[in-house]
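Asks: Below: one structure in structure tokens.
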Amino acid sequence: MKTDDEMRKTLKRSDFIAGAVERDGLMTVNFKEVTQWSIELLKETTSPDPTKVFLEVVKGLEPQWTGLTDLPPNGVWHHWIAPGAVIAALRNAGLANMKDEHIVEAVERGALLPGGTCGFLGVCGGYAATGIVIAIVGESTPLNDKERGSAIRAVGEASMSGWDPGGPRCCKRATFHGIETAIKILGEMGYELENTSMQGACEYFGLNEQCLEDDCPYYPS
């Protein structure tokens, strides 16, 4: 099993992912099943608060997890749960005409993002989730003008807001910020959602060996 230092020096993505799979005990996980479980859990939610929806779905996955270890704090599932949570909250609030089919679409788009995109592609899945949400709500396609631009700018706003303290990846930190950015942009579009801020309230810091602790805005104060 590779050490952190060995992983940092593994520049070939496929080798890095293989190392991560071994470290996190993901050999027994069927990610198609996890995607479907996520969709079912998202559809069952009733909260108009995206962060609460996200946390509810993560907790709902824990007893169904088939990995050799407990559900890790980082992983590709954040890429689809994050946009699904915001779309589900919009549906639950009766906003933007969002329905179950839009939740499914958000999850399917998020699932297109492979693991490790932040370090290998320069595109964090938690920030891309913001763009997925705005693209779905704005009915964007590659052939649209303003709608397409809005989705791209949403990812840019999440990525370039200057808030990120740096450090190794943390899927919870990126997801919390991506959801907050989506809520802000949706509010500017006229869709007001409830917003439980996770700043100073993260419950997962003890599970992340690379946690930035006091340097992270979500670390318990």
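Just so we're on the same page: first chain in the structure tokens is A, next is B, and so on; residues restart at 1 for each chain, and ligands are numbered from 1 in the order they show up.
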Would you pick out the contacts of A:Ala128 at 12 Å or less, using only C-alpha atoms, so that residues sharing its chain but fewer than 2 positions from it are not included, and give the list as a ChimeraX atom specification?
Replies: /A:78-83,106,109-114,117-118,121-126,130-135,151-159,174-175,177-179,181-182
Asks: From the options A:Gly116, A:Ala201, A:Gly60, A:Leu143, which residue's atoms come nearest to A:Gly75, counting only C-alpha atoms?
Replies: A:Gly116
Asks: For A:Trp37, please output as a PDB file with N, CA and C atoms, in the first residue's frame all residues within 10 Å (counting only C-alpha atoms; exclusion window: fewer than 6 positions along the same chain).
Replies:
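Once everything was written out, this is result_16.pdb:
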ATOM      1  N   PHE A  31     -19.801   1.209  -8.223  1.00  0.00           N
ATOM      2  CA  PHE A  31     -20.154   2.629  -8.229  1.00  0.00           C
ATOM      3  C   PHE A  31     -21.454   2.913  -8.976  1.00  0.00           C
ATOM      4  N   LYS A  43     -34.184  11.625  -4.040  1.00  0.00           N
ATOM      5  CA  LYS A  43     -35.623  11.729  -4.324  1.00  0.00           C
ATOM      6  C   LYS A  43     -36.467  11.698  -3.050  1.00  0.00           C
ATOM      7  N   VAL A  57     -27.997  12.621   2.504  1.00  0.00           N
ATOM      8  CA  VAL A  57     -27.688  11.575   1.530  1.00  0.00           C
ATOM      9  C   VAL A  57     -26.393  10.861   1.900  1.00  0.00           C
ATOM     10  N   GLY A  60     -27.112   8.572   4.564  1.00  0.00           N
ATOM     11  CA  GLY A  60     -27.924   7.473   4.054  1.00  0.00           C
ATOM     12  C   GLY A  60     -27.109   6.433   3.316  1.00  0.00           C
ATOM     13  N   LEU A  61     -25.979   6.859   2.741  1.00  0.00           N
ATOM     14  CA  LEU A  61     -25.104   5.917   2.029  1.00  0.00           C
ATOM     15  C   LEU A  61     -24.298   5.044   2.982  1.00  0.00           C
ATOM     16  N   GLN A  64     -25.300   1.456   3.607  1.00  0.00           N
ATOM     17  CA  GLN A  64     -25.348   0.659   2.388  1.00  0.00           C
ATOM     18  C   GLN A  64     -23.959   0.408   1.798  1.00  0.00           C
ATOM     19  N   TRP A  65     -22.949   1.044   2.361  1.00  0.00           N
ATOM     20  CA  TRP A  65     -21.608   1.022   1.793  1.00  0.00           C
ATOM     21  C   TRP A  65     -21.039  -0.390   1.795  1.00  0.00           C
TER      22      TRP A  65
END
Asks: Taking 2 positions as the minimum chain separation for residues in the same chain, which residues sit within 10 Å of A:Asn74 when counting only C-alpha atoms? Answer as a short mmCIF file (atom, residue, chain, number, x, y, z; two decimals) with C-alpha atoms, in the first residue's frame.
Replies:
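Contents of selection.cif, freshly written:
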data_model
loop_
_atom_site.label_atom_id
_atom_site.label_comp_id
_atom_site.auth_asym_id
_atom_site.auth_seq_id
_atom_site.Cartn_x
_atom_site.Cartn_y
_atom_site.Cartn_z
CA ASP A 24 -9.71 3.19 0.80
CA LEU A 71 -17.47 5.38 3.74
CA PRO A 72 -14.30 7.49 3.19
CA VAL A 76 -15.90 10.55 -6.51
CA TRP A 77 -19.46 10.27 -5.13
CA HIS A 78 -19.24 13.91 -4.04
CA GLY A 115 -11.96 10.75 -9.46
CA ARG A 169 -7.87 17.81 -1.58
CA CYS A 170 -10.84 17.74 0.77
CA CYS A 171 -14.08 16.73 -0.92
CA LYS A 172 -16.21 18.00 1.97
CA ARG A 173 -14.55 21.44 1.92
CA TYR A 204 -15.76 15.05 9.12
CA LEU A 207 -11.73 11.30 9.18
CA ASN A 208 -9.50 13.31 6.85
#
Asks: With a distance cut-off of 9 Å and only C-alpha atoms, select the neighbouring residues of A:Asp100, excluding the residue or stretch itself and same-chain residues fewer than 4 positions from it, and output the selection as a ChimeraX atom specification.
Replies: /A:39,42-43,87-88,91,104-105
